[in-house]
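Listing of target_5.cif; format and content: mmCIF, C-alpha atoms.
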data_target
loop_
_atom_site.label_atom_id
_atom_site.label_comp_id
_atom_site.auth_asym_id
_atom_site.auth_seq_id
_atom_site.Cartn_x
_atom_site.Cartn_y
_atom_site.Cartn_z
CA MET R 240 122.99 -85.39 66.51
CA LYS R 241 121.47 -85.95 69.93
CA ILE R 242 117.86 -84.77 70.24
CA LEU R 243 117.04 -83.20 73.63
CA ARG R 244 113.45 -83.41 74.77
CA THR R 245 113.47 -80.14 76.73
CA ALA R 246 112.29 -76.59 76.14
CA THR R 247 115.84 -75.54 75.39
CA SER R 248 115.90 -77.97 72.46
CA LEU R 249 114.04 -75.39 70.38
CA ILE R 250 117.00 -73.04 70.46
CA LEU R 251 118.58 -73.00 66.98
CA THR R 252 122.28 -73.67 66.68
CA VAL R 253 124.04 -71.40 64.19
CA TRP R 254 127.27 -72.54 62.49
CA MET R 255 128.87 -70.50 59.73
CA GLY R 256 125.51 -68.94 58.98
CA CYS R 257 123.78 -72.32 58.86
CA THR R 258 120.58 -72.86 60.86
CA ALA R 259 120.55 -76.38 62.27
CA LEU R 260 117.54 -78.64 62.14
CA PRO R 261 115.57 -78.17 65.36
CA ASP R 262 115.39 -80.95 67.89
CA GLN R 263 112.11 -82.83 67.76
CA THR R 264 109.77 -82.46 70.72
CA ALA R 265 108.37 -85.93 70.01
CA SER R 266 111.21 -88.00 68.70
CA ARG R 267 110.35 -91.22 66.86
CA SER R 268 112.52 -94.24 67.54
CA GLY R 269 113.41 -97.25 65.46
CA GLU R 270 116.00 -98.72 63.11
CA VAL R 271 117.10 -97.73 59.63
CA LEU R 272 119.39 -99.76 57.40
CA ILE R 273 121.30 -97.65 54.90
CA VAL R 274 122.80 -99.66 52.05
CA TYR R 275 125.30 -97.82 49.91
CA SER R 276 127.40 -98.37 46.80
CA GLY R 277 129.48 -96.35 44.34
CA ASN R 278 132.86 -96.02 42.59
CA ALA R 279 131.96 -98.84 40.15
CA LEU R 280 133.86 -97.35 37.18
CA GLY R 281 131.90 -99.46 34.71
CA GLU R 282 132.72 -102.76 36.39
CA LEU R 283 129.67 -104.71 35.26
CA LYS R 284 131.31 -108.04 36.07
CA PRO R 285 134.72 -108.92 37.52
CA CYS R 286 137.01 -110.53 34.97
CA GLY R 287 137.79 -113.47 37.26
CA CYS R 288 141.51 -113.39 36.49
CA ASP R 289 142.24 -113.55 40.22
CA LYS R 290 140.11 -115.29 42.85
CA GLU R 291 140.78 -112.59 45.45
CA GLU R 292 139.45 -109.87 43.16
CA ASP R 293 136.59 -111.99 41.82
CA GLN R 294 133.95 -109.95 43.59
CA GLY R 295 131.27 -107.46 42.67
CA GLY R 296 129.28 -107.08 39.47
CA ILE R 297 125.65 -106.26 38.75
CA GLU R 298 124.55 -109.91 38.87
CA ARG R 299 125.75 -110.40 42.44
CA ARG R 300 124.58 -106.96 43.54
CA MET R 301 121.02 -107.59 42.40
CA SER R 302 121.06 -111.04 43.98
CA TYR R 303 122.18 -109.49 47.28
CA LEU R 304 119.46 -106.82 47.10
CA LYS R 305 116.69 -109.28 46.26
CA GLN R 306 117.69 -111.44 49.19
CA MET R 307 118.20 -108.60 51.66
CA MET R 308 115.38 -106.16 50.92
CA PRO R 309 112.40 -108.38 51.88
CA GLN R 310 114.04 -108.96 55.25
CA GLU R 311 114.75 -105.27 55.82
CA PRO R 312 111.63 -103.16 55.15
CA ASN R 313 113.21 -100.04 56.68
CA THR R 314 116.02 -99.63 54.18
CA LEU R 315 117.46 -96.65 52.34
CA LEU R 316 119.45 -97.57 49.20
CA VAL R 317 121.88 -94.97 47.83
CA ASP R 318 124.69 -94.77 45.27
CA LEU R 319 127.58 -92.29 45.25
CA GLY R 320 128.30 -92.14 41.51
CA ASP R 321 131.45 -92.54 39.40
CA ASN R 322 129.77 -95.43 37.63
CA PHE R 323 131.33 -94.72 34.22
CA LYS R 324 134.86 -95.21 32.94
CA GLY R 325 136.65 -94.31 29.75
CA SER R 326 135.22 -92.27 26.92
CA THR R 327 135.14 -95.12 24.40
CA ARG R 328 132.43 -96.87 22.41
CA GLN R 329 132.64 -99.88 24.68
CA GLY R 330 132.71 -97.60 27.70
CA LYS R 331 129.45 -96.05 26.57
CA LEU R 332 127.88 -99.50 26.26
CA LYS R 333 129.02 -100.20 29.80
CA ALA R 334 127.55 -96.92 31.01
CA GLN R 335 124.19 -97.68 29.40
CA THR R 336 124.11 -101.16 30.91
CA MET R 337 125.16 -99.92 34.34
CA MET R 338 122.39 -97.33 34.45
CA GLN R 339 119.81 -99.84 33.22
CA ALA R 340 120.91 -102.09 36.07
CA LEU R 341 120.70 -99.32 38.67
CA GLY R 342 117.27 -98.36 37.35
CA ARG R 343 116.03 -101.90 38.01
CA MET R 344 117.57 -102.09 41.49
CA ASN R 345 115.12 -99.57 42.97
CA TYR R 346 117.61 -97.16 44.48
CA ASP R 347 116.19 -94.34 46.60
CA ALA R 348 118.86 -91.78 45.72
CA ILE R 349 121.78 -91.66 43.27
CA THR R 350 124.17 -88.76 42.93
CA LEU R 351 126.41 -87.94 40.00
CA GLY R 352 130.16 -88.34 40.12
CA ASP R 353 132.53 -86.42 37.90
CA LYS R 354 133.13 -89.58 35.84
CA ASP R 355 129.42 -89.77 35.08
CA LEU R 356 129.49 -86.71 32.80
CA LEU R 357 131.73 -88.45 30.24
CA TYR R 358 128.99 -88.81 27.64
CA GLY R 359 127.24 -85.51 28.16
CA ASN R 360 123.90 -84.26 29.36
CA GLY R 361 121.97 -85.80 26.48
CA PHE R 362 123.13 -89.27 27.41
CA LEU R 363 122.11 -88.82 31.05
CA SER R 364 118.75 -87.34 30.05
CA SER R 365 117.97 -90.45 27.99
CA ILE R 366 118.27 -92.74 31.02
CA GLN R 367 115.01 -93.59 32.76
CA ASN R 368 114.06 -94.48 36.35
CA ILE R 369 117.11 -92.97 38.04
CA PRO R 370 116.38 -91.15 41.34
CA TRP R 371 118.99 -88.41 40.89
CA VAL R 372 119.72 -86.04 43.75
CA ALA R 373 122.12 -83.09 43.67
CA ALA R 374 121.91 -79.86 45.67
CA ASN R 375 124.78 -77.88 44.12
CA LEU R 376 125.01 -79.42 40.63
CA GLN R 377 122.88 -78.35 37.68
CA LEU R 378 122.90 -79.97 34.23
CA GLU R 379 121.13 -78.48 31.26
CA GLY R 380 118.28 -80.72 30.16
CA LEU R 381 118.30 -82.96 33.23
CA ALA R 382 116.21 -82.38 36.34
CA LEU R 383 118.24 -82.99 39.49
CA PRO R 384 116.13 -82.75 42.65
CA PRO R 385 118.16 -81.17 45.47
CA SER R 386 116.83 -83.59 48.08
CA ARG R 387 114.63 -86.62 48.60
CA ILE R 388 112.71 -87.92 51.58
CA LYS R 389 111.67 -91.48 52.31
CA VAL R 390 109.12 -92.49 54.90
CA LEU R 391 109.94 -95.98 56.11
CA ALA R 392 107.56 -98.72 57.15
CA ASN R 393 108.27 -97.93 60.82
CA GLY R 394 107.25 -94.29 60.30
CA LEU R 395 110.75 -92.81 60.37
CA LYS R 396 111.50 -90.05 57.88
CA VAL R 397 114.90 -90.14 56.22
CA TRP R 398 115.94 -87.01 54.33
CA VAL R 399 118.71 -87.23 51.72
CA THR R 400 120.63 -84.55 49.87
CA ALA R 401 123.88 -84.57 47.89
CA VAL R 402 126.70 -82.13 47.25
CA ALA R 403 129.74 -82.42 44.99
CA ASP R 404 133.18 -80.84 44.97
CA PRO R 405 133.30 -78.24 42.14
CA ASP R 406 137.06 -78.86 41.78
CA LEU R 407 136.34 -82.32 40.34
CA PHE R 408 134.14 -81.06 37.52
CA TYR R 409 134.77 -78.99 34.45
CA ALA R 410 132.33 -76.12 34.63
CA SER R 411 132.45 -72.66 33.08
CA SER R 412 130.09 -69.81 32.31
CA ASP R 413 129.33 -71.20 28.85
CA SER R 414 129.15 -74.92 29.71
CA ASN R 415 126.09 -77.08 30.35
CA VAL R 416 127.34 -77.83 33.86
CA LYS R 417 126.87 -75.45 36.78
CA LEU R 418 128.11 -75.98 40.32
CA SER R 419 127.63 -73.81 43.38
CA ASP R 420 129.37 -73.86 46.73
CA PRO R 421 128.55 -77.21 48.37
CA LEU R 422 128.35 -75.86 51.92
CA ALA R 423 126.04 -73.01 50.95
CA ALA R 424 123.83 -75.41 49.01
CA LEU R 425 123.67 -77.79 51.97
CA GLN R 426 122.77 -74.94 54.31
CA GLN R 427 119.90 -73.99 52.03
CA GLN R 428 118.59 -77.53 51.90
CA LEU R 429 118.85 -78.01 55.65
CA GLU R 430 116.83 -74.86 56.16
CA ALA R 431 114.17 -76.12 53.75
CA ALA R 432 114.07 -79.47 55.54
CA ARG R 433 113.76 -77.72 58.89
CA LYS R 434 110.70 -75.82 57.72
CA SER R 435 108.84 -78.56 55.91
CA ALA R 436 110.12 -82.11 56.31
CA SER R 437 110.94 -82.53 60.02
CA PRO R 438 113.10 -85.59 59.27
CA ASP R 439 114.25 -88.10 61.87
CA LEU R 440 117.53 -88.75 60.04
CA VAL R 441 119.56 -86.48 57.78
CA VAL R 442 121.85 -88.17 55.26
CA VAL R 443 124.27 -86.18 53.10
CA LEU R 444 125.85 -87.83 50.06
CA THR R 445 129.14 -86.13 49.21
CA HIS R 446 131.17 -86.66 46.06
CA MET R 447 134.66 -85.43 46.77
CA PRO R 448 138.03 -86.47 48.26
CA ARG R 449 137.65 -88.16 51.65
CA ASP R 450 139.11 -85.32 53.72
CA LYS R 451 136.71 -82.79 52.21
CA GLY R 452 133.71 -85.04 52.67
CA MET R 453 134.50 -85.63 56.32
CA ARG R 454 134.23 -81.91 57.06
CA PHE R 455 130.48 -82.07 56.52
CA LEU R 456 130.16 -83.99 59.79
CA ASP R 457 130.72 -80.64 61.48
CA VAL R 458 127.57 -79.13 59.97
CA PRO R 459 124.77 -78.98 62.56
CA GLY R 460 121.73 -80.97 61.55
CA VAL R 461 123.71 -83.59 59.61
CA ASP R 462 123.61 -87.11 61.01
CA ILE R 463 125.37 -89.19 58.36
CA VAL R 464 127.84 -88.40 55.58
CA ILE R 465 128.41 -90.98 52.86
CA ASN R 466 131.25 -90.03 50.56
CA GLY R 467 132.20 -91.39 47.16
CA HIS R 468 134.94 -90.61 44.64
CA ILE R 469 137.51 -92.63 42.70
CA GLU R 470 140.08 -91.59 40.12
CA LYS R 471 141.21 -94.93 38.67
CA ASP R 472 140.43 -98.59 39.23
CA SER R 473 143.73 -99.21 41.00
CA ASP R 474 142.86 -96.71 43.76
CA ILE R 475 142.66 -98.04 47.29
CA ILE R 476 139.60 -96.59 49.02
CA ASP R 477 139.64 -96.04 52.77
CA MET R 478 136.37 -97.60 53.91
CA THR R 479 137.01 -97.04 57.63
CA PRO R 480 133.95 -95.44 59.26
CA VAL R 481 134.54 -92.36 61.41
CA GLU R 482 132.22 -91.46 64.29
CA LYS R 483 132.26 -87.94 65.63
CA GLY R 484 129.87 -86.20 68.00
CA GLY R 485 127.07 -88.72 67.58
CA LYS R 486 127.44 -88.71 63.78
CA ILE R 487 129.16 -91.01 61.32
CA PHE R 488 131.11 -90.84 58.05
CA VAL R 489 131.28 -93.87 55.75
CA ALA R 490 132.41 -94.58 52.18
CA PRO R 491 131.84 -97.33 49.58
CA GLY R 492 134.79 -99.33 48.30
CA PRO R 493 136.12 -99.51 44.73
CA LEU R 494 134.57 -101.14 41.65
CA GLY R 495 131.32 -102.20 43.29
CA GLN R 496 133.04 -105.14 44.95
CA LYS R 497 131.27 -104.67 48.27
CA MET R 498 128.02 -103.21 49.53
CA GLY R 499 128.11 -101.00 52.56
CA GLU R 500 125.58 -101.57 55.32
CA LEU R 501 125.02 -98.92 57.98
CA ARG R 502 122.47 -99.83 60.62
CA VAL R 503 121.19 -96.81 62.51
CA ARG R 504 119.29 -97.07 65.76
CA ILE R 505 117.34 -94.00 66.88
CA ASN R 506 116.62 -94.30 70.59
CA PRO R 507 113.51 -92.81 72.28
CA ASP R 508 115.61 -89.90 73.57
CA GLY R 509 116.76 -89.14 70.00
CA GLU R 510 120.28 -90.48 70.43
CA LYS R 511 121.63 -92.32 67.40
CA THR R 512 123.91 -95.34 67.43
CA PHE R 513 125.59 -96.91 64.44
CA GLN R 514 126.72 -100.34 63.32
CA GLN R 515 128.58 -100.54 60.00
CA LYS R 516 129.94 -103.38 57.88
CA MET R 517 130.98 -104.11 54.30
CA VAL R 518 129.36 -107.07 52.53
CA ARG R 519 131.67 -108.78 50.05
CA LEU R 520 130.00 -109.77 46.79
CA GLY R 521 132.31 -112.73 46.31
CA SER R 522 132.36 -115.68 43.93
CA LYS R 523 130.01 -117.69 46.17
CA ALA R 524 127.26 -115.10 45.77
CA PRO R 525 124.54 -116.26 43.37
CA LEU R 526 124.05 -114.56 40.01
CA ASP R 527 120.71 -112.89 39.43
CA PRO R 528 119.06 -114.14 36.19
CA GLU R 529 117.66 -110.71 35.33
CA MET R 530 121.09 -109.10 35.50
CA THR R 531 122.68 -112.05 33.68
CA GLN R 532 120.29 -111.41 30.81
CA LEU R 533 121.20 -107.72 30.84
CA TYR R 534 124.92 -108.53 30.89
CA ASP R 535 124.52 -111.01 28.03
CA ALA R 536 122.85 -108.27 25.99
CA TYR R 537 125.82 -106.01 26.71
CA ASN R 538 128.21 -108.77 25.60
CA ALA R 539 126.28 -109.18 22.35
CA LYS R 540 126.67 -105.45 21.65
CA VAL R 541 130.40 -105.63 22.41
CA GLU R 542 130.73 -108.52 19.97
CA GLU R 543 128.88 -106.50 17.32
CA LEU R 544 131.27 -103.62 17.95
CA PHE R 545 134.26 -105.94 17.67
CA MET R 546 133.04 -107.39 14.38
CA ALA R 547 132.40 -103.93 12.94
CA THR R 548 135.90 -102.84 13.94
CA LEU R 549 137.31 -106.07 12.53
CA ALA R 550 135.70 -105.41 9.18
CA ALA R 551 137.34 -101.99 9.06
CA LYS R 552 140.75 -103.39 10.01
CA ARG R 553 140.57 -106.03 7.29
CA LYS R 554 140.32 -103.28 4.72
CA GLN R 555 143.57 -101.74 5.93
CA LYS R 556 146.97 -102.97 4.92
CA GLN R 557 148.71 -104.64 7.87
CA ASN R 558 152.50 -104.66 7.83
CA ARG R 559 154.17 -107.45 9.76
CA VAL R 560 156.15 -106.11 12.70
CA TYR R 561 156.00 -108.99 15.22
CA ALA R 562 158.37 -111.94 14.93
CA THR R 563 155.95 -114.26 16.84
CA ASP R 564 156.88 -116.95 19.32
CA GLN R 565 157.55 -119.47 16.56
CA THR R 566 160.35 -117.31 15.21
CA CYS R 567 161.78 -116.83 18.71
CA LEU R 568 161.74 -120.61 19.13
CA THR R 569 164.42 -121.11 16.48
CA CYS R 570 167.09 -119.47 18.65
CA HIS R 571 165.54 -119.58 22.11
CA ALA R 572 164.22 -123.14 22.39
CA LYS R 573 164.87 -123.45 26.13
CA GLU R 574 163.15 -120.15 26.91
CA HIS R 575 160.25 -121.02 24.61
CA ASP R 576 159.78 -124.36 26.33
CA LEU R 577 159.58 -122.64 29.71
CA TRP R 578 157.10 -120.08 28.33
CA SER R 579 154.90 -122.84 26.92
CA LYS R 580 154.39 -124.17 30.45
CA THR R 581 153.16 -120.83 31.85
CA GLY R 582 149.76 -119.17 31.83
CA HIS R 583 151.04 -116.68 29.29
CA SER R 584 151.01 -119.38 26.62
CA ARG R 585 147.35 -120.17 27.37
CA ALA R 586 146.09 -116.63 27.82
CA TYR R 587 143.85 -116.64 24.75
CA THR R 588 142.36 -120.02 25.61
CA ALA R 589 141.34 -118.54 28.96
CA LEU R 590 139.25 -115.96 27.10
CA GLN R 591 137.63 -118.57 24.91
CA GLU R 592 136.60 -120.56 27.97
CA VAL R 593 134.56 -117.61 29.30
CA ASN R 594 133.34 -116.42 25.89
CA LYS R 595 135.30 -113.16 25.97
CA SER R 596 137.57 -113.60 22.95
CA PHE R 597 135.78 -110.65 21.30
CA ASP R 598 136.13 -108.20 24.20
CA PRO R 599 138.75 -105.49 23.47
CA GLU R 600 139.32 -104.84 27.18
CA CYS R 601 140.33 -108.49 27.59
CA LEU R 602 142.17 -108.97 24.30
CA VAL R 603 144.68 -106.27 25.10
CA CYS R 604 146.14 -108.44 27.89
CA HIS R 605 145.54 -111.90 26.39
CA THR R 606 147.03 -111.44 22.93
CA THR R 607 150.12 -109.93 21.36
CA GLY R 608 149.85 -106.38 20.08
CA PHE R 609 146.09 -105.96 20.09
CA GLY R 610 145.22 -102.39 19.18
CA LYS R 611 148.73 -101.67 17.91
CA PRO R 612 150.03 -101.51 14.32
CA GLY R 613 150.71 -105.00 13.04
CA GLY R 614 149.30 -106.58 16.19
CA PHE R 615 146.55 -109.11 16.89
CA ILE R 616 143.32 -108.57 14.97
CA SER R 617 141.41 -111.82 15.39
CA GLU R 618 142.02 -115.54 15.79
CA ILE R 619 141.28 -116.01 12.09
CA ASP R 620 143.28 -113.05 10.74
CA THR R 621 146.30 -113.23 13.03
CA PRO R 622 146.40 -116.71 14.61
CA LYS R 623 150.15 -116.45 15.21
CA LEU R 624 149.61 -113.54 17.63
CA ILE R 625 147.31 -115.20 20.16
CA ASN R 626 148.46 -115.47 23.80
CA VAL R 627 150.99 -113.37 25.71
CA GLN R 628 154.10 -114.00 23.65
CA CYS R 629 157.78 -113.07 23.99
CA GLU R 630 157.34 -109.67 22.37
CA ILE R 631 154.91 -108.49 25.00
CA CYS R 632 157.78 -108.44 27.47
CA HIS R 633 160.73 -107.88 25.13
CA GLY R 634 159.20 -105.51 22.60
CA VAL R 635 158.55 -105.84 18.87
CA ARG R 636 161.51 -107.90 17.60
CA LEU R 637 161.05 -108.82 13.94
CA GLU R 638 164.07 -106.70 13.18
CA HIS R 639 166.00 -108.49 15.93
CA ALA R 640 165.13 -111.86 14.40
CA GLN R 641 166.60 -110.69 11.13
CA ASN R 642 169.67 -109.13 12.76
CA PRO R 643 170.11 -110.61 16.27
CA GLN R 644 171.35 -108.32 19.04
CA GLY R 645 170.99 -108.45 22.80
CA GLY R 646 169.92 -106.04 25.54
CA PHE R 647 166.15 -106.55 25.67
CA ALA R 648 165.66 -108.23 29.04
CA GLY R 649 165.32 -104.95 30.90
CA GLU R 650 162.04 -104.07 29.16
CA ALA R 651 160.11 -106.87 30.85
CA ARG R 652 159.58 -105.19 34.24
CA ALA R 653 157.70 -102.23 32.74
CA ALA R 654 155.63 -104.51 30.51
CA CYS R 655 154.33 -106.60 33.42
CA GLY R 656 152.71 -103.64 35.15
CA LYS R 657 150.47 -102.88 32.19
CA CYS R 658 148.32 -105.96 32.74
CA HIS R 659 149.19 -107.10 36.25
CA VAL R 660 147.12 -104.33 37.84
CA LYS R 661 145.33 -104.52 41.17
CA LYS R 662 141.96 -105.81 40.00
CA HIS R 663 143.56 -108.55 37.87
CA SER R 664 146.56 -109.39 40.00
CA PRO R 665 146.28 -107.84 43.49
CA LYS R 666 149.28 -109.70 44.92
CA PHE R 667 151.56 -108.97 41.98
CA ASN R 668 155.18 -108.58 42.97
CA PHE R 669 157.69 -108.55 40.13
CA SER R 670 160.44 -110.32 42.07
CA GLN R 671 158.15 -113.17 43.12
CA TYR R 672 156.28 -113.52 39.84
CA TRP R 673 159.50 -113.40 37.83
CA LEU R 674 160.60 -116.63 39.51
CA ARG R 675 157.72 -118.43 37.76
CA ILE R 676 158.89 -117.44 34.27
CA ARG R 677 162.60 -116.71 34.82
CA HIS R 678 164.75 -117.42 31.77
#
Since I need it in another form, could you write the structure as structure tokens?
Amino acid sequence: MKILRTATSLILTVWMGCTALPDQTASRSGEVLIVYSGNALGELKPCGCDKEEDQGGIERRMSYLKQMMPQEPNTLLVDLGDNFKGSTRQGKLKAQTMMQALGRMNYDAITLGDKDLLYGNGFLSSIQNIPWVAANLQLEGLALPPSRIKVLANGLKVWVTAVADPDLFYASSDSNVKLSDPLAALQQQLEAARKSASPDLVVVLTHMPRDKGMRFLDVPGVDIVINGHIEKDSDIIDMTPVEKGGKIFVAPGPLGQKMGELRVRINPDGEKTFQQKMVRLGSKAPLDPEMTQLYDAYNAKVEELFMATLAAKRKQKQNRVYATDQTCLTCHAKEHDLWSKTGHSRAYTALQEVNKSFDPECLVCHTTGFGKPGGFISEIDTPKLINVQCEICHGVRLEHAQNPQGGFAGEARAACGKCHVKKHSPKFNFSQYWLRIRH
């Protein structure tokens, strides 16, 4: 929004019933750095299975912030939500750890994504030190301020509000979640800001599909729209900034792998210019000791959960259904020899090397049949089912070993895609990868 220093600047612009923020008669100038994140989906730490995707995590994020913030006193730090993933016991541990991390990172504003309601209002209410902001979302038992304002060291006032797309949330007349029209809520907040705050910069956090979020650039009085939303961890997020009419739209990437930096320059005449970039939190980024300690505590809880589950499984009768690679060896020696030279045959060792042999989210892709009847339980209970064996690709074949028949090769293609997903194997191509293990 360009601020005109003339008498006509006091004329209010009306758009769809919305009164725009008035132009300032004495515009302040200076720089603001807006740092933004979101769409983490519980990714506390990248698994490291692939160097290209070995980026992100709370340890690197905190290290980045601790290095950057002292050098940038005029910074606004915001998060766009969708920090949780999967309504599971381990998922809840991740959610708790993620919010503890965000609480220690001194964010200025955090909005809720639809994924963040997985564990209910009580769970969110128990989390401390989170600067929530939401203009059109109400949760029973949790105070959500509709806006926040930050006065920077250079005197600039940055006003922040957030609106969410009701279509992404489950809300009904008898639920604990209430959502109003996002545009109407934004109009109301802009009017309140016009009367009391007189901000130099108006930032709107939107949680919705990209095309919907971009429409808020057309609202008079809005300077910056930062949009977040992700459905699954394989989604490709368009992080391309869009400038329109002296305003800008930006979005964080997936899984917390990068931090967005938007540098805003407010000129003496009120004109705003923008410079945006994404900062990759790659493997060369240092790990913050405070977050490492927090992540280690999470790992300890996951191990406790694994051991408790293991105790329950040991009480259940386990019927053998997998032939195991040693049985396959008797008839398929050549194929077994080739397999033994691939990473599949060392998959469990890879977990042991990084102390993750108790993590269910890792075991499912590094063992045979974990989580399935008759499948891997633990290295002690089912040592013959460690690693990615023949039956991962060719299906459970104990019956085949007892009564050999053919026709199982075609099942391999579908099996590969279950573990070779984007964040573990971004360059996966069945035709190319198959050449490495062809038999």
Inset, instruction - Any chance you could resolve the PyMOL selection byres ((chain R and resi 277) around 6) against this file and give the residues as a list in words? - result: Ser276, Asn278, Ala279, Asp318, Leu319, Gly320 and Pro491 of chain R
Legend entry - Which residue of R:Trp371, R:Phe488, R:Phe545, R:Phe408 approaches Val443 of chain R most closely, using only C-alpha atoms: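 Answer, going by the shortest atom-to-atom distance: R:Phe488.
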Legend entry - For Asn466 of chain R: contacts at 9 Å, all atoms listed in the file, fewer than 4 positions along chain excluded, given as a VMD selection string: chain R and resid 319 443 to 449 452 to 453 488 to 491
Export, as a compact mmCIF listing (two decimals), in the coordinates of the input, the selected residues with C-alpha atoms.
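Output file selection.txt follows:
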# COMPACT_ATOMS: atom_id res chain seq x y z
CA LEU R 319 127.58 -92.29 45.25
CA VAL R 443 124.27 -86.18 53.10
CA LEU R 444 125.85 -87.83 50.06
CA THR R 445 129.14 -86.13 49.21
CA HIS R 446 131.17 -86.66 46.06
CA MET R 447 134.66 -85.43 46.77
CA PRO R 448 138.03 -86.47 48.26
CA ARG R 449 137.65 -88.16 51.65
CA GLY R 452 133.71 -85.04 52.67
CA MET R 453 134.50 -85.63 56.32
CA PHE R 488 131.11 -90.84 58.05
CA VAL R 489 131.28 -93.87 55.75
CA ALA R 490 132.41 -94.58 52.18
CA PRO R 491 131.84 -97.33 49.58
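Non-sequential neighbours of Ser365 of chain R (distance at most 10 Å, separation of 2 or more positions within a chain, only C-alpha atoms) are Gln335, Asn360, Gly361, Phe362, Leu363, Gln367, Gly380 and Leu381 of chain R.
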Inset, instruction - List, as a list of chain:residue names, every residue that the PyMOL selection byres ((chain R and resi 604) around 10) selects in the file provided. - result: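 Evaluating the PyMOL selection byres ((chain R and resi 604) around 10) on these coordinates yields R:His583, R:Ala586, R:Tyr587, R:Pro599, R:Glu600, R:Cys601, R:Leu602, R:Val603, R:His605, R:Thr606, R:Thr607, R:Gly608, R:Phe609, R:Asn626, R:Val627, R:Ile631, R:Lys657, R:Cys658, R:His659.
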Legend entry - For Ile616 of chain R, the nearest of the candidates R:Met344, R:Ile476, R:Ala550, R:Leu418, counting all atoms listed in the file: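 Nearest candidate to Ile616 of chain R out of R:Met344, R:Ile476, R:Ala550, R:Leu418: R:Ala550.
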Inset, instruction - Apply the PyMOL selection byres ((chain R and resi 331) around 12) to the structure shown and report the selected residues as a PyMOL selection string. - result: chain R and resi 280-281+322-330+332-338+354-359+362-363+537+540-541+544
Legend entry - Residue among R:Arg675, R:Lys580, R:Arg267, R:Arg585 lying closest to Ile625 of chain R, counting only C-alpha atoms: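 When distances to Ile625 of chain R are compared using only C-alpha atoms, the smallest one comes from R:Arg585.
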Legend entry - Nearest residue to Phe597 of chain R from the set R:Ser617, R:Ser364, R:Asn558, R:Ser579 (distances using all atoms listed in the file):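 Closest candidate: R:Ser617.
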Inset, instruction - Taking (115.6, -87.9, 48.6) in the file's own coordinates, collect the residues within 7 Å, counting only C-alpha atoms, and hand them back as a ChimeraX atom specification. - result: /R:347-348,372,386-389,398-400
Legend entry - Contacts of Cys629 of chain R at 8 Å (all atoms listed in the file; same-chain gap of 2+ positions) as a VMD selection string: chain R and resid 563 to 564 567 627 631 to 634
Selection: 10 Å around Gly656 of chain R, all atoms listed in the file, excl. self and same-chain fewer than 4 positions, as a PDB file with C-alpha atoms, keeping the file's coordinate frame:
ATOM      1  CA  ALA R 651     160.110-106.870  30.850  1.00  0.00           C
ATOM      2  CA  ARG R 652     159.580-105.190  34.240  1.00  0.00           C
ATOM      3  CA  VAL R 660     147.120-104.330  37.840  1.00  0.00           C
ATOM      4  CA  LYS R 661     145.330-104.520  41.170  1.00  0.00           C
ATOM      5  CA  SER R 664     146.560-109.390  40.000  1.00  0.00           C
ATOM      6  CA  PHE R 667     151.560-108.970  41.980  1.00  0.00           C
ATOM      7  CA  ASN R 668     155.180-108.580  42.970  1.00  0.00           C
ATOM      8  CA  PHE R 669     157.690-108.550  40.130  1.00  0.00           C
TER       9      PHE R 669
END
Inset, instruction - Write out as a VMD selection string each polymer residue whose atoms come within 8 Å of Leu316 of chain R, counting only C-alpha atoms; drop sequence neighbours fewer than 4 positions from it. - result: chain R and resid 273 to 275 345 to 348
Inset, instruction - Just give me the gap between atom CA of Arg559 of chain R and atom CA of Asn594 of chain R in Å, one decimal is fine. - result: 27.8 Å
Legend entry - Best match for closeness to Val560 of chain R among R:Ile487, R:Ala424, R:Leu341, R:Leu624, counting only C-alpha atoms: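 Nearest to Val560 of chain R: R:Leu624.
In terms of minimum interatomic distance to Glu470 of chain R, R:Asp321 ranks closest within R:Asp576, R:Asp321, R:Asp527, R:Glu618, counting all atoms listed in the file.
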